[in-house]
Amino acid sequence: MINIKEHAELNVLNHSGAHLMAQAVKRLYPQAMFWVGPVITEGFYYDIDLGDVVLSESDLPKIEAEMKKISKDGKRIVREEISKEEALERFKDDPYKLDLIHNMEGVTISTYKQGEFEDLCRGPHVDTVKQIKFFKLLKVSGAYWKGDANNKMLQRVYGIVFDTQEALDNHLYLLEEAKKRDHKKLGKELELFMMSEYGPGFPFWLNKGMILRNILENFWYEEHTKEGYEFIKTPIMLSQELWEVSGHWFNYKENMYISDVDDRQFAIKPMNCPGGMLVYKNRLYSYKDLPLRVGELGLVHRHEASGALNGLFRVRTFTQDDAHLYMTPDQVEDEIVRLIAFFDRVYKIFGLQYSIELSTRPEEKYIGSIEVWDESERILESACKKSGHSVKVNPGDGAFYGPKLDFHLQDSLGRAWQCGTIQLDMNLPERFDLTYVDSDGSKKRPIMLHRVIFGSVERFIGILIEHYAGAFPLWLAPDQIRILPVNPEIHHDFAHELKDQLLALGFRVEVDERNEKLGYRLREAQMKKVPIQLTIGDKEVENKEVNLRRYGSQASETVKVQEMIKNLLSEVKEKR
RNA sequence: GCCGGCUUAGCUCAAUUGGCAGAGCAACUGAUUUGUAAUCAGUAGGUUGUGGGUUCAAGUCCUAUAGCCGGCACCA
């Protein structure tokens with residue numbers, strides 16, 4: 001739990017850290033000009049224009065050394081409030097600061113000065129640079145000025161400050177730990193998936209990854225069946241006319257893979273909704289059929305920018321665990337409450353914490369009336385509260401077609417991922433002229449929700465790999481059980497009887513009967529993170545027992561075969 | 001797409017100022033018959049991402065290009 005006060009103090013420290021870094025950079029590169037240097041969730045950064053000089057990570061120690069020197073000098077950090085005119089005069093040679101100052105209306109303009117370095121800043125800051133002792137510069141990168149891709153690129157240096165050496169060391173240790181969990185690394189080691197330069201952004205699923213996928217997808221079908229969903233599968237390629245109706249042809253074309261077939265253009269679907277709309281229109285619905293819940297594990301392709309690709313987190317083909325829900329207006333709130341409870345149940349199984357954010361109507365570029373938007377947002381918020389969740393609002397972050405609830409997952413290292421989302425859609429039912437027949441015989445427009453729980457199966461698996469550090473719980477592990485006969489010849493029969501018995505019960509099990517010492521085979525089972533290792537030797541064969549050792553444990557225990565089976569079956573069933 | 005970095009055997013990594021491409025693990029062969037994190041010996045494994053260039057000589061320098069990584073922008 002983060003102590004809010006300490007957190008605020010750390011923020012001040014980090015902001016002062018940004019200034020300290022800027023001062024050091026200015027000393028080493030006198031031509032440097034600075035844009036903004038805010039505090040972020042972890043540390044700070046500063047955007048810098050260095051002219052022709054290009055920084056790389058190998059330059060960071062030099063800057064750190066200069067920072068240490070400045071810190072040691074221990075100059076006071078002095079605040080000064082000045083008029084806009086004075087500010088414009090003082091920073092007249094710095095176009096970046098001038099830009100900031102020009103945009104300041106009705107605010108107190110202040111500067112902070114430490115030694116020879118003065119920076120425009122709202123503050124607050126620590127009293128002297130001496131207080132900034134335990135810091136580390138972490139990385140450099142490019143960043144567009146004002147975050148706009150049309151602007152020039154500045155150089156951004158990231159760093160972090162802590163109030164103690166231990167806290168800094170601990171943070172650096174966590175960064176190392178996170179690296180060890182990298183799903184790209186573990187995916188290779190555990191043979192889950194691979195990438196090829198022949199298909200950038202298109203993952204290849206290997207046998208063990210397919211096992212994991214299939215388990216997740218089966219789990220998804222089972223849970224959705226319990227929730228009253230029906231299922232469809234729509235084509236991955238559909239003609240131009242459909243995408244014109246949906247609007248994608250005009251709004252999303254540059255991200256779509258398009259192909260000429262005979263004399264028509266077809267596009268590979270970047271989203272499942274339009275196909276789903278066609279299915280809805282395939283028959284006539286009565287109000288008695290609603291709410292209608294239609295799920296689709298839908299394979300989509302999107303031509304993402306090359307620089308956006310990142311392992312399984314960002315790919316060009318992925319499977320959305322999509323569903324479209326159609327209902328009458330007075331069913332919406334209950335349906336959302338029900339969805340939130342469903343999401344909650346699923347995330348809890350994986351031990352993933354989450355928070356919910358409500359994204360509301362964009363400033364401009366939206367469809368539908370403000371009244372409908374306001375009502376929709378009210379319903380989403382109210383459903384959240386009814387479900388016992390606090391809601392953070394992201395003003396203006398909704399889709400053009402409706403407001404949405406986003407589920408931000410937290411993995412075991414506390415990192416956040418946006419996965420699930422519930423979106424209210426006022427656009428497609430209109431565009432596709434969806435209707436149902438109401439009790440009075442009139443045709444009405446259904447309310448439609450899109451929702452995903454995993455987000456994408458690919459990204460979710462990436463998150464799970466890192467969340468579990470590759471050591472999956474028994475029900476998910478591609479290799480569940482490894483049988484290790486102490487002497488592969490002498491204990492061969494018992495090992496294989498045991499294997500057949502476990503296979504018949506649905507376990508994924510292998511006998512490691514290679515001509516290697518037990519220690520060697522056991523080491524490998526541990527390194528491959530196989531959850532259950534069963535050693536069998538003379539004693540076990542004689543007593544119909546196994547010696548069971550778990551992944552990550554030094555200890556082992558001897559149990560009767562029947563008891564072991566009973567325990568493991570319930571462990572899988574309960575998804576522990 | 002933009003900025004920066006990286007790319008050597010299946011994997012993890014060496015190779016001094018440009019001077020004979022190497023190690024461990026894995027694989028294969030043989031010996032060994034194994035009780036809780038590596039038994040021993042041997043064999044094989046490479047157009048150093050790809051294409052140009054500089055040089056007597058390029059893994060190393062220049063250049064183009066692809067892919068990957070860290071960010072930015074975009075986003076499930």
# chains A, B, ... in the order shown; residues from 1 in each chain; ligands from 1
>>> interface_residues(of="chain B", to="chain A", cutoff="9 Å", atoms="only C-alpha atoms (C1' of nucleotides)", output="ChimeraX atom specification")
/B:1-5,11,33-39,66-76
>>> residues_around(residues="Tyr401 of chain A", least_positions_apart="2", cutoff="6 Å", atoms="only C-alpha atoms (C1' of nucleotides)", output="list of chain:residue names")
A:Ile367, A:Ala399, A:Asp425, A:Met426, A:Asn427
>>> residues_around(residues="Gly74 of chain A", least_positions_apart="2", cutoff="6 Å", atoms="only C-alpha atoms (C1' of nucleotides)", output="short mmCIF file (atom, residue, chain, number, x, y, z; two decimals) with C-alpha atoms, in the first residue's frame")
data_model
loop_
_atom_site.label_atom_id
_atom_site.label_comp_id
_atom_site.auth_asym_id
_atom_site.auth_seq_id
_atom_site.Cartn_x
_atom_site.Cartn_y
_atom_site.Cartn_z
CA SER A 71 24.20 17.62 -5.37
CA LYS A 72 27.35 17.59 -3.26
CA VAL A 129 19.99 19.97 -4.18
CA LYS A 130 21.78 18.09 -1.41
#
>>> residues_around(residues="Phe266 of chain A", least_positions_apart="5", cutoff="6 Å", atoms="only C-alpha atoms (C1' of nucleotides)", output="tab-separated table (two decimals) with C-alpha atoms, in the first residue's frame")
chain	number	residue	atom	x	y	z
A	238	LEU	CA	-15.42	-9.41	-46.13
A	239	SER	CA	-16.13	-7.12	-49.03
A	240	GLN	CA	-15.57	-3.39	-49.28
A	258	ILE	CA	-6.93	-5.21	-48.38
A	259	SER	CA	-6.93	-7.64	-51.26
>>> select_by_dssp(residues="segment 316-506 of chain A", states="alpha helix (DSSP H)", output="ChimeraX atom specification")
/A:332-349,370-386,428-431,457-467,492-504
>>> residues_around(residues="Leu216 of chain A", least_positions_apart="2", cutoff="12 Å", atoms="only C-alpha atoms (C1' of nucleotides)", output="PyMOL selection string")
chain A and resi 209-214+218-223+297+319+321+346+349-350+453-454+456-458+460-461+464+475-478+575
